[in-house]
>>> print(open('start11.cif').read())   # mmCIF, C-alpha atoms
data_target
loop_
_atom_site.group_PDB
_atom_site.id
_atom_site.type_symbol
_atom_site.label_atom_id
_atom_site.label_comp_id
_atom_site.auth_asym_id
_atom_site.auth_seq_id
_atom_site.Cartn_x
_atom_site.Cartn_y
_atom_site.Cartn_z
ATOM 1 C CA MET E 288 -5.685 -62.311 12.986
ATOM 2 C CA LEU E 289 -7.104 -60.941 9.756
ATOM 3 C CA PRO E 290 -8.547 -57.745 11.324
ATOM 4 C CA LYS E 291 -5.212 -57.093 13.084
ATOM 5 C CA LEU E 292 -3.288 -57.600 9.844
ATOM 6 C CA ARG E 293 -5.669 -55.278 8.014
ATOM 7 C CA LEU E 294 -5.271 -52.636 10.771
ATOM 8 C CA SER E 295 -1.496 -52.932 10.567
ATOM 9 C CA LEU E 296 -1.570 -52.449 6.803
ATOM 10 C CA ILE E 297 -3.818 -49.402 7.197
ATOM 11 C CA LEU E 298 -1.491 -47.850 9.789
ATOM 12 C CA VAL E 299 1.559 -48.465 7.610
ATOM 13 C CA SER E 300 -0.204 -46.906 4.619
ATOM 14 C CA LEU E 301 -1.189 -43.858 6.669
ATOM 15 C CA ALA E 302 2.378 -43.459 7.936
ATOM 16 C CA LEU E 303 3.765 -43.610 4.393
ATOM 17 C CA ALA E 304 1.157 -41.139 3.180
ATOM 18 C CA CYS E 305 1.962 -38.690 5.984
ATOM 19 C CA SER E 306 5.689 -38.917 5.345
ATOM 20 C CA ALA E 307 5.055 -38.249 1.657
ATOM 21 C CA CYS E 308 2.957 -35.203 2.558
ATOM 22 C CA ILE E 309 5.683 -33.849 4.811
ATOM 23 C CA GLY E 310 8.313 -34.361 2.136
ATOM 24 C CA SER E 311 6.238 -32.644 -0.533
ATOM 25 C CA SER E 312 5.540 -29.641 1.700
ATOM 26 C CA ARG E 313 9.268 -28.986 2.033
ATOM 27 C CA THR E 314 9.908 -29.305 -1.677
ATOM 28 C CA SER E 315 8.049 -26.506 -3.416
ATOM 29 C CA ARG E 316 7.635 -26.581 -7.170
ATOM 30 C CA HIS E 317 7.376 -22.809 -7.384
ATOM 31 C CA PRO E 318 9.560 -21.394 -10.195
ATOM 32 C CA TYR E 319 11.679 -19.170 -7.941
ATOM 33 C CA ALA E 320 14.226 -18.498 -10.690
ATOM 34 C CA GLN E 321 11.523 -16.746 -12.710
ATOM 35 C CA GLU E 322 10.749 -14.172 -10.002
ATOM 36 C CA TYR E 323 11.892 -10.653 -10.828
ATOM 37 C CA ASP E 324 15.212 -9.543 -9.316
ATOM 38 C CA PRO E 325 15.732 -5.759 -9.537
ATOM 39 C CA ARG E 326 19.331 -5.886 -8.340
ATOM 40 C CA GLY E 327 21.753 -4.888 -11.066
ATOM 41 C CA ARG E 328 19.005 -3.150 -13.012
ATOM 42 C CA PRO E 329 18.405 0.622 -13.275
ATOM 43 C CA PHE E 330 16.450 2.084 -10.365
ATOM 44 C CA VAL E 331 12.812 2.837 -11.146
ATOM 45 C CA VAL E 332 11.367 5.949 -9.541
ATOM 46 C CA GLY E 333 8.327 5.558 -7.294
ATOM 47 C CA VAL E 334 5.925 7.674 -5.265
ATOM 48 C CA ALA E 335 7.559 9.718 -2.448
ATOM 49 C CA ASP E 336 11.077 9.445 -3.898
ATOM 50 C CA THR E 337 12.995 12.731 -3.955
ATOM 51 C CA LEU E 338 14.789 13.803 -7.125
ATOM 52 C CA ALA E 339 17.404 16.479 -7.739
ATOM 53 C CA ILE E 340 17.068 17.951 -11.229
ATOM 54 C CA SER E 341 19.972 20.116 -12.316
ATOM 55 C CA VAL E 342 20.146 22.286 -15.426
ATOM 56 C CA TRP E 343 23.751 23.305 -15.967
ATOM 57 C CA ARG E 344 24.395 27.025 -15.484
ATOM 58 C CA ASP E 345 20.718 27.700 -14.823
ATOM 59 C CA GLN E 346 19.785 27.618 -11.147
ATOM 60 C CA GLU E 347 16.304 28.943 -11.860
ATOM 61 C CA LEU E 348 15.460 25.807 -13.840
ATOM 62 C CA SER E 349 17.118 23.438 -11.378
ATOM 63 C CA ALA E 350 14.990 22.002 -8.593
ATOM 64 C CA GLU E 351 14.512 19.308 -5.978
ATOM 65 C CA ALA E 352 11.147 17.573 -6.202
ATOM 66 C CA THR E 353 9.337 14.789 -4.376
ATOM 67 C CA VAL E 354 7.159 12.494 -6.465
ATOM 68 C CA ARG E 355 3.533 13.095 -5.563
ATOM 69 C CA PRO E 356 0.906 10.348 -5.070
ATOM 70 C CA ASP E 357 -0.273 10.897 -8.643
ATOM 71 C CA GLY E 358 3.228 9.972 -9.859
ATOM 72 C CA THR E 359 4.239 13.424 -11.093
ATOM 73 C CA ILE E 360 6.672 16.207 -10.194
ATOM 74 C CA THR E 361 6.489 19.879 -11.091
ATOM 75 C CA LEU E 362 9.481 21.711 -12.527
ATOM 76 C CA PRO E 363 10.095 25.367 -13.391
ATOM 77 C CA LEU E 364 9.191 26.413 -16.930
ATOM 78 C CA ILE E 365 8.066 22.974 -18.168
ATOM 79 C CA GLY E 366 5.458 22.164 -15.483
ATOM 80 C CA GLU E 367 4.354 18.622 -14.653
ATOM 81 C CA VAL E 368 6.451 15.601 -15.543
ATOM 82 C CA ARG E 369 5.389 11.980 -15.077
ATOM 83 C CA ALA E 370 8.149 10.371 -12.976
ATOM 84 C CA VAL E 371 6.751 7.103 -11.590
ATOM 85 C CA GLY E 372 7.866 4.006 -13.451
ATOM 86 C CA LYS E 373 10.793 5.703 -15.160
ATOM 87 C CA THR E 374 14.526 5.400 -14.599
ATOM 88 C CA PRO E 375 16.656 8.494 -13.894
ATOM 89 C CA ASP E 376 18.119 8.190 -17.409
ATOM 90 C CA GLN E 377 14.666 8.153 -18.976
ATOM 91 C CA LEU E 378 13.652 11.192 -16.945
ATOM 92 C CA THR E 379 16.868 12.987 -17.876
ATOM 93 C CA LYS E 380 16.141 12.480 -21.578
ATOM 94 C CA GLU E 381 12.536 13.652 -21.306
ATOM 95 C CA ILE E 382 13.338 16.731 -19.207
ATOM 96 C CA ARG E 383 16.261 17.667 -21.469
ATOM 97 C CA GLU E 384 13.996 17.525 -24.535
ATOM 98 C CA ARG E 385 11.330 19.665 -22.876
ATOM 99 C CA VAL E 386 13.786 22.189 -21.449
ATOM 100 C CA GLY E 387 15.541 22.280 -24.833
ATOM 101 C CA ARG E 388 12.458 23.921 -26.335
ATOM 102 C CA PHE E 389 13.322 27.006 -24.296
ATOM 103 C CA VAL E 390 17.071 26.687 -23.605
ATOM 104 C CA LYS E 391 19.467 25.811 -26.394
ATOM 105 C CA ASP E 392 21.890 22.915 -25.722
ATOM 106 C CA ALA E 393 20.566 22.389 -22.194
ATOM 107 C CA ILE E 394 22.577 19.954 -20.066
ATOM 108 C CA VAL E 395 20.308 18.175 -17.596
ATOM 109 C CA THR E 396 21.043 15.631 -14.862
ATOM 110 C CA VAL E 397 18.579 13.763 -12.651
ATOM 111 C CA ALA E 398 19.640 12.085 -9.406
ATOM 112 C CA VAL E 399 17.613 10.197 -6.797
ATOM 113 C CA THR E 400 18.536 11.782 -3.463
ATOM 114 C CA GLU E 401 16.043 10.002 -1.228
ATOM 115 C CA VAL E 402 14.326 6.648 -1.688
ATOM 116 C CA ASN E 403 10.946 6.341 0.037
ATOM 117 C CA SER E 404 9.026 4.190 -2.441
ATOM 118 C CA TYR E 405 10.637 0.865 -1.460
ATOM 119 C CA ARG E 406 8.234 -0.314 1.235
ATOM 120 C CA PHE E 407 7.018 -3.750 2.244
ATOM 121 C CA THR E 408 5.035 -5.335 5.074
ATOM 122 C CA VAL E 409 6.003 -8.134 7.449
ATOM 123 C CA ALA E 410 3.037 -9.548 9.387
ATOM 124 C CA GLY E 411 2.179 -12.529 11.575
ATOM 125 C CA ASN E 412 4.387 -14.255 14.121
ATOM 126 C CA VAL E 413 7.437 -11.997 14.103
ATOM 127 C CA GLY E 414 9.053 -9.850 16.755
ATOM 128 C CA HIS E 415 8.048 -6.483 15.318
ATOM 129 C CA PRO E 416 5.412 -6.693 12.564
ATOM 130 C CA GLY E 417 4.851 -3.579 10.487
ATOM 131 C CA ILE E 418 5.695 -1.611 7.380
ATOM 132 C CA PHE E 419 9.379 -1.346 6.560
ATOM 133 C CA THR E 420 11.468 0.677 4.143
ATOM 134 C CA SER E 421 15.066 0.434 3.027
ATOM 135 C CA ARG E 422 17.537 2.349 0.869
ATOM 136 C CA TYR E 423 18.611 -0.912 -0.745
ATOM 137 C CA TYR E 424 16.865 -4.094 -1.843
ATOM 138 C CA VAL E 425 16.532 -6.793 0.818
ATOM 139 C CA THR E 426 15.841 -10.520 0.620
ATOM 140 C CA VAL E 427 13.284 -12.550 2.575
ATOM 141 C CA SER E 428 15.744 -13.399 5.339
ATOM 142 C CA GLN E 429 16.893 -9.778 5.632
ATOM 143 C CA ALA E 430 13.299 -8.515 5.738
ATOM 144 C CA LEU E 431 12.471 -10.928 8.554
ATOM 145 C CA ALA E 432 15.593 -9.805 10.420
ATOM 146 C CA LEU E 433 14.352 -6.207 10.190
ATOM 147 C CA ALA E 434 11.081 -7.395 11.738
ATOM 148 C CA GLY E 435 12.848 -9.045 14.669
ATOM 149 C CA GLY E 436 12.722 -12.541 13.206
ATOM 150 C CA PRO E 437 10.035 -15.220 13.643
ATOM 151 C CA ASN E 438 8.792 -15.671 17.210
ATOM 152 C CA ARG E 439 8.363 -18.978 19.045
ATOM 153 C CA TYR E 440 4.895 -19.513 17.581
ATOM 154 C CA ALA E 441 5.992 -19.124 13.970
ATOM 155 C CA GLU E 442 5.828 -21.932 11.437
ATOM 156 C CA ASP E 443 8.574 -22.789 8.944
ATOM 157 C CA GLU E 444 6.495 -22.100 5.850
ATOM 158 C CA ILE E 445 6.039 -18.385 5.218
ATOM 159 C CA VAL E 446 4.289 -16.704 2.304
ATOM 160 C CA ILE E 447 5.113 -13.705 0.136
ATOM 161 C CA VAL E 448 1.916 -12.092 -1.126
ATOM 162 C CA ARG E 449 2.845 -10.241 -4.309
ATOM 163 C CA LYS E 450 0.804 -8.210 -6.786
ATOM 164 C CA ASP E 451 1.877 -8.450 -10.406
ATOM 165 C CA PRO E 452 1.858 -5.381 -12.690
ATOM 166 C CA SER E 453 -1.395 -6.753 -14.130
ATOM 167 C CA GLY E 454 -2.962 -6.594 -10.657
ATOM 168 C CA LYS E 455 -3.010 -10.353 -10.105
ATOM 169 C CA ILE E 456 -2.277 -11.462 -6.525
ATOM 170 C CA ARG E 457 0.144 -14.368 -6.121
ATOM 171 C CA ARG E 458 1.212 -16.344 -3.048
ATOM 172 C CA ILE E 459 4.848 -17.474 -3.068
ATOM 173 C CA PRO E 460 5.742 -20.153 -0.466
ATOM 174 C CA VAL E 461 9.112 -19.942 1.278
ATOM 175 C CA ASP E 462 10.564 -22.521 3.677
ATOM 176 C CA TYR E 463 12.392 -20.259 6.123
ATOM 177 C CA ASP E 464 14.327 -23.065 7.840
ATOM 178 C CA ASP E 465 15.651 -24.296 4.500
ATOM 179 C CA VAL E 466 16.722 -20.750 3.636
ATOM 180 C CA LEU E 467 18.578 -20.305 6.933
ATOM 181 C CA GLU E 468 20.256 -23.701 6.656
ATOM 182 C CA GLY E 469 21.413 -22.929 3.122
ATOM 183 C CA ASP E 470 19.393 -25.777 1.613
ATOM 184 C CA ALA E 471 17.201 -23.500 -0.514
ATOM 185 C CA PRO E 472 19.061 -20.297 -1.437
ATOM 186 C CA GLU E 473 16.755 -19.854 -4.437
ATOM 187 C CA GLN E 474 13.869 -19.236 -2.017
ATOM 188 C CA ASP E 475 15.594 -16.226 -0.418
ATOM 189 C CA LEU E 476 13.924 -13.962 -2.959
ATOM 190 C CA VAL E 477 14.445 -10.229 -3.268
ATOM 191 C CA ILE E 478 11.492 -8.398 -1.759
ATOM 192 C CA LEU E 479 9.772 -6.007 -4.151
ATOM 193 C CA ALA E 480 8.049 -2.756 -3.244
ATOM 194 C CA GLY E 481 4.512 -3.522 -2.071
ATOM 195 C CA ASP E 482 5.234 -7.135 -1.068
ATOM 196 C CA ASN E 483 3.566 -8.563 2.033
ATOM 197 C CA ILE E 484 5.465 -11.249 3.947
ATOM 198 C CA TYR E 485 3.208 -13.328 6.171
ATOM 199 C CA VAL E 486 4.605 -15.599 8.883
ATOM 200 C CA PRO E 487 1.874 -17.999 10.112
#
>>> encode(input="start11.cif", output="structure tokens")
Amino acid sequence: MLPKLRLSLILVSLALACSACIGSSRTSRHPYAQEYDPRGRPFVVGVADTLAISVWRDQELSAEATVRPDGTITLPLIGEVRAVGKTPDQLTKEIRERVGRFVKDAIVTVAVTEVNSYRFTVAGNVGHPGIFTSRYYVTVSQALALAGGPNRYAEDEIVIVRKDPSGKIRRIPVDYDDVLEGDAPEQDLVILAGDNIYVP
């Protein structure tokens, strides 16, 4: 009787341990609220974005330019301007100051006419894995919808692989089922340019 009792206790302990593991896997301690959300913030220019620079009453100084891989654009009279990482307002100020050295009281406007820098990857068990782009910011669930959604082999736990400005690579766990069921809206993070979403 003693061996059977001991076996029963072991089985019960294993069952409790497994249930605890399952519960902990669905309750991530990741600080989702601390992840960067670019919505509602000024747009930041990136490589391959197209800009329209207008100098009022001076067509020769106005131009349309696409940001090159080195992060710069070239404009008439003033030459190269670093555009990557700056907002349109910041660029407007810089270009106005530089143009102002040659044209008195120059009125300059900068507008983003085409967004090509917002790209991300969806890989793994989805309908259409690949590199995607969008004119507006998308969340995890929207990005997966663009990729055709998880296929029948996909697991619930997906991962966002994100590189910080410092170059550090982080893995952010997301429970896709909880997101879809509305149980974890905080996990439906906004995808940032360069993010990789992996669906195991």
>>> residues_around(input="start11.cif", residues="Glu473 in chain E", least_positions_apart="3", cutoff="8 Å", atoms="only C-alpha atoms", output="number ranges by chain")
E: 319-320, 476
>>> residues_around(input="start11.cif", residues="Ala335 in chain E", least_positions_apart="6", cutoff="9 Å", atoms="only C-alpha atoms", output="PDB file with C-alpha atoms, keeping the file's coordinate frame")
ATOM      1  CA  THR E 353       9.337  14.789  -4.376  1.00  0.00           C
ATOM      2  CA  VAL E 354       7.159  12.494  -6.465  1.00  0.00           C
ATOM      3  CA  ARG E 355       3.533  13.095  -5.563  1.00  0.00           C
ATOM      4  CA  PRO E 356       0.906  10.348  -5.070  1.00  0.00           C
ATOM      5  CA  GLY E 358       3.228   9.972  -9.859  1.00  0.00           C
ATOM      6  CA  GLU E 401      16.043  10.002  -1.228  1.00  0.00           C
ATOM      7  CA  VAL E 402      14.326   6.648  -1.688  1.00  0.00           C
ATOM      8  CA  ASN E 403      10.946   6.341   0.037  1.00  0.00           C
ATOM      9  CA  SER E 404       9.026   4.190  -2.441  1.00  0.00           C
TER      10      SER E 404
END
>>> residues_around(input="start11.cif", residues="range 381-390 of chain E", least_positions_apart="2", cutoff="10 Å", atoms="all atoms listed in the file", output="NGL selection string")
:E and (340 or 342 or 345 or 348 or 362-366 or 368-370 or 375-379 or 392-397)
>>> closest_residue(input="start11.cif", among="E:Asp465, E:Gln429, E:Phe419, E:Asp470", to="Glu444 in chain E", atoms="only C-alpha atoms")
E:Asp465
>>> resolve_selection(input="start11.cif", expression="the PyMOL selection byres ((chain E and resi 449) around 12)", output="ChimeraX atom specification")
/E:322-323,407-408,446-448,450-460,476-485
>>> atom_distance(input="start11.cif", atom1="CA of Lys380 in chain E", atom2="CA of Pro325 in chain E")
21.9 Å
>>> decode(input="start11.cif", residues="range 336-376 of chain E", atoms="N, CA and C atoms", output="PDB file, in the first residue's frame")
ATOM      1  N   ASP E 336      11.826  57.036 -47.398  1.00  0.00           N
ATOM      2  CA  ASP E 336      10.667  57.937 -47.376  1.00  0.00           C
ATOM      3  C   ASP E 336      10.887  59.061 -48.394  1.00  0.00           C
ATOM      4  N   THR E 337       9.788  59.526 -48.986  1.00  0.00           N
ATOM      5  CA  THR E 337       9.867  60.613 -49.960  1.00  0.00           C
ATOM      6  C   THR E 337       9.338  61.902 -49.344  1.00  0.00           C
ATOM      7  N   LEU E 338      10.093  62.968 -49.505  1.00  0.00           N
ATOM      8  CA  LEU E 338       9.754  64.260 -48.913  1.00  0.00           C
ATOM      9  C   LEU E 338       9.552  65.305 -50.005  1.00  0.00           C
ATOM     10  N   ALA E 339       8.591  66.183 -49.780  1.00  0.00           N
ATOM     11  CA  ALA E 339       8.380  67.328 -50.668  1.00  0.00           C
ATOM     12  C   ALA E 339       8.813  68.576 -49.911  1.00  0.00           C
ATOM     13  N   ILE E 340       9.859  69.225 -50.413  1.00  0.00           N
ATOM     14  CA  ILE E 340      10.385  70.434 -49.773  1.00  0.00           C
ATOM     15  C   ILE E 340      10.004  71.624 -50.647  1.00  0.00           C
ATOM     16  N   SER E 341       9.272  72.542 -50.073  1.00  0.00           N
ATOM     17  CA  SER E 341       8.797  73.698 -50.833  1.00  0.00           C
ATOM     18  C   SER E 341       9.342  74.982 -50.234  1.00  0.00           C
ATOM     19  N   VAL E 342       9.941  75.805 -51.105  1.00  0.00           N
ATOM     20  CA  VAL E 342      10.393  77.141 -50.720  1.00  0.00           C
ATOM     21  C   VAL E 342       9.455  78.124 -51.410  1.00  0.00           C
ATOM     22  N   TRP E 343       8.719  78.858 -50.631  1.00  0.00           N
ATOM     23  CA  TRP E 343       7.671  79.731 -51.177  1.00  0.00           C
ATOM     24  C   TRP E 343       8.225  80.735 -52.183  1.00  0.00           C
ATOM     25  N   ARG E 344       7.566  80.756 -53.353  1.00  0.00           N
ATOM     26  CA  ARG E 344       7.912  81.667 -54.445  1.00  0.00           C
ATOM     27  C   ARG E 344       9.307  81.411 -55.004  1.00  0.00           C
ATOM     28  N   ASP E 345       9.796  80.185 -54.840  1.00  0.00           N
ATOM     29  CA  ASP E 345      11.106  79.861 -55.420  1.00  0.00           C
ATOM     30  C   ASP E 345      11.107  78.396 -55.849  1.00  0.00           C
ATOM     31  N   GLN E 346      10.619  78.142 -57.043  1.00  0.00           N
ATOM     32  CA  GLN E 346      10.529  76.778 -57.556  1.00  0.00           C
ATOM     33  C   GLN E 346      11.900  76.141 -57.733  1.00  0.00           C
ATOM     34  N   GLU E 347      12.900  76.933 -58.014  1.00  0.00           N
ATOM     35  CA  GLU E 347      14.240  76.384 -58.232  1.00  0.00           C
ATOM     36  C   GLU E 347      14.820  75.772 -56.958  1.00  0.00           C
ATOM     37  N   LEU E 348      14.395  76.267 -55.812  1.00  0.00           N
ATOM     38  CA  LEU E 348      14.894  75.728 -54.542  1.00  0.00           C
ATOM     39  C   LEU E 348      13.980  74.646 -53.971  1.00  0.00           C
ATOM     40  N   SER E 349      12.798  74.523 -54.541  1.00  0.00           N
ATOM     41  CA  SER E 349      11.864  73.486 -54.090  1.00  0.00           C
ATOM     42  C   SER E 349      12.243  72.167 -54.754  1.00  0.00           C
ATOM     43  N   ALA E 350      11.935  71.065 -54.065  1.00  0.00           N
ATOM     44  CA  ALA E 350      12.320  69.762 -54.619  1.00  0.00           C
ATOM     45  C   ALA E 350      11.551  68.632 -53.946  1.00  0.00           C
ATOM     46  N   GLU E 351      11.535  67.491 -54.624  1.00  0.00           N
ATOM     47  CA  GLU E 351      11.040  66.252 -54.020  1.00  0.00           C
ATOM     48  C   GLU E 351      12.230  65.317 -53.917  1.00  0.00           C
ATOM     49  N   ALA E 352      12.450  64.750 -52.746  1.00  0.00           N
ATOM     50  CA  ALA E 352      13.645  63.934 -52.529  1.00  0.00           C
ATOM     51  C   ALA E 352      13.311  62.677 -51.744  1.00  0.00           C
ATOM     52  N   THR E 353      13.966  61.583 -52.117  1.00  0.00           N
ATOM     53  CA  THR E 353      13.820  60.320 -51.401  1.00  0.00           C
ATOM     54  C   THR E 353      15.047  60.107 -50.522  1.00  0.00           C
ATOM     55  N   VAL E 354      14.815  59.748 -49.285  1.00  0.00           N
ATOM     56  CA  VAL E 354      15.924  59.575 -48.337  1.00  0.00           C
ATOM     57  C   VAL E 354      16.770  58.373 -48.751  1.00  0.00           C
ATOM     58  N   ARG E 355      18.039  58.625 -48.941  1.00  0.00           N
ATOM     59  CA  ARG E 355      18.963  57.582 -49.396  1.00  0.00           C
ATOM     60  C   ARG E 355      19.352  56.653 -48.240  1.00  0.00           C
ATOM     61  N   PRO E 356      19.957  55.501 -48.565  1.00  0.00           N
ATOM     62  CA  PRO E 356      20.373  54.556 -47.512  1.00  0.00           C
ATOM     63  C   PRO E 356      21.294  55.151 -46.461  1.00  0.00           C
ATOM     64  N   ASP E 357      22.029  56.209 -46.833  1.00  0.00           N
ATOM     65  CA  ASP E 357      22.910  56.840 -45.836  1.00  0.00           C
ATOM     66  C   ASP E 357      22.170  57.841 -44.959  1.00  0.00           C
ATOM     67  N   GLY E 358      20.834  57.968 -45.192  1.00  0.00           N
ATOM     68  CA  GLY E 358      20.014  58.825 -44.331  1.00  0.00           C
ATOM     69  C   GLY E 358      19.935  60.275 -44.757  1.00  0.00           C
ATOM     70  N   THR E 359      20.474  60.613 -45.932  1.00  0.00           N
ATOM     71  CA  THR E 359      20.505  62.006 -46.357  1.00  0.00           C
ATOM     72  C   THR E 359      19.651  62.245 -47.605  1.00  0.00           C
ATOM     73  N   ILE E 360      19.358  63.523 -47.858  1.00  0.00           N
ATOM     74  CA  ILE E 360      18.752  63.973 -49.101  1.00  0.00           C
ATOM     75  C   ILE E 360      19.618  65.109 -49.635  1.00  0.00           C
ATOM     76  N   THR E 361      19.474  65.386 -50.915  1.00  0.00           N
ATOM     77  CA  THR E 361      20.233  66.481 -51.517  1.00  0.00           C
ATOM     78  C   THR E 361      19.259  67.511 -52.060  1.00  0.00           C
ATOM     79  N   LEU E 362      19.483  68.770 -51.683  1.00  0.00           N
ATOM     80  CA  LEU E 362      18.609  69.857 -52.100  1.00  0.00           C
ATOM     81  C   LEU E 362      19.385  70.912 -52.873  1.00  0.00           C
ATOM     82  N   PRO E 363      18.696  71.629 -53.769  1.00  0.00           N
ATOM     83  CA  PRO E 363      19.367  72.701 -54.514  1.00  0.00           C
ATOM     84  C   PRO E 363      19.955  73.740 -53.569  1.00  0.00           C
ATOM     85  N   LEU E 364      21.091  74.263 -53.946  1.00  0.00           N
ATOM     86  CA  LEU E 364      21.780  75.351 -53.254  1.00  0.00           C
ATOM     87  C   LEU E 364      22.459  74.937 -51.951  1.00  0.00           C
ATOM     88  N   ILE E 365      21.745  74.178 -51.083  1.00  0.00           N
ATOM     89  CA  ILE E 365      22.324  73.879 -49.767  1.00  0.00           C
ATOM     90  C   ILE E 365      22.983  72.503 -49.698  1.00  0.00           C
ATOM     91  N   GLY E 366      22.743  71.639 -50.707  1.00  0.00           N
ATOM     92  CA  GLY E 366      23.411  70.339 -50.745  1.00  0.00           C
ATOM     93  C   GLY E 366      22.778  69.291 -49.843  1.00  0.00           C
ATOM     94  N   GLU E 367      23.620  68.490 -49.191  1.00  0.00           N
ATOM     95  CA  GLU E 367      23.132  67.354 -48.408  1.00  0.00           C
ATOM     96  C   GLU E 367      22.558  67.792 -47.067  1.00  0.00           C
ATOM     97  N   VAL E 368      21.454  67.106 -46.713  1.00  0.00           N
ATOM     98  CA  VAL E 368      20.798  67.343 -45.429  1.00  0.00           C
ATOM     99  C   VAL E 368      20.514  65.988 -44.789  1.00  0.00           C
ATOM    100  N   ARG E 369      20.884  65.838 -43.542  1.00  0.00           N
ATOM    101  CA  ARG E 369      20.597  64.594 -42.811  1.00  0.00           C
ATOM    102  C   ARG E 369      19.115  64.584 -42.453  1.00  0.00           C
ATOM    103  N   ALA E 370      18.374  63.567 -42.949  1.00  0.00           N
ATOM    104  CA  ALA E 370      16.928  63.519 -42.741  1.00  0.00           C
ATOM    105  C   ALA E 370      16.479  62.412 -41.789  1.00  0.00           C
ATOM    106  N   VAL E 371      17.176  61.295 -41.787  1.00  0.00           N
ATOM    107  CA  VAL E 371      16.773  60.151 -40.958  1.00  0.00           C
ATOM    108  C   VAL E 371      16.781  60.511 -39.476  1.00  0.00           C
ATOM    109  N   GLY E 372      15.733  60.096 -38.785  1.00  0.00           N
ATOM    110  CA  GLY E 372      15.656  60.335 -37.350  1.00  0.00           C
ATOM    111  C   GLY E 372      15.096  61.678 -36.959  1.00  0.00           C
ATOM    112  N   LYS E 373      14.696  62.478 -37.950  1.00  0.00           N
ATOM    113  CA  LYS E 373      14.156  63.803 -37.663  1.00  0.00           C
ATOM    114  C   LYS E 373      12.681  63.869 -38.045  1.00  0.00           C
ATOM    115  N   THR E 374      11.958  64.736 -37.368  1.00  0.00           N
ATOM    116  CA  THR E 374      10.552  64.966 -37.714  1.00  0.00           C
ATOM    117  C   THR E 374      10.494  66.001 -38.840  1.00  0.00           C
ATOM    118  N   PRO E 375       9.363  66.065 -39.564  1.00  0.00           N
ATOM    119  CA  PRO E 375       9.224  67.097 -40.596  1.00  0.00           C
ATOM    120  C   PRO E 375       9.435  68.512 -40.048  1.00  0.00           C
ATOM    121  N   ASP E 376       8.977  68.779 -38.834  1.00  0.00           N
ATOM    122  CA  ASP E 376       9.168  70.103 -38.241  1.00  0.00           C
ATOM    123  C   ASP E 376      10.645  70.411 -38.010  1.00  0.00           C
TER     124      ASP E 376
END
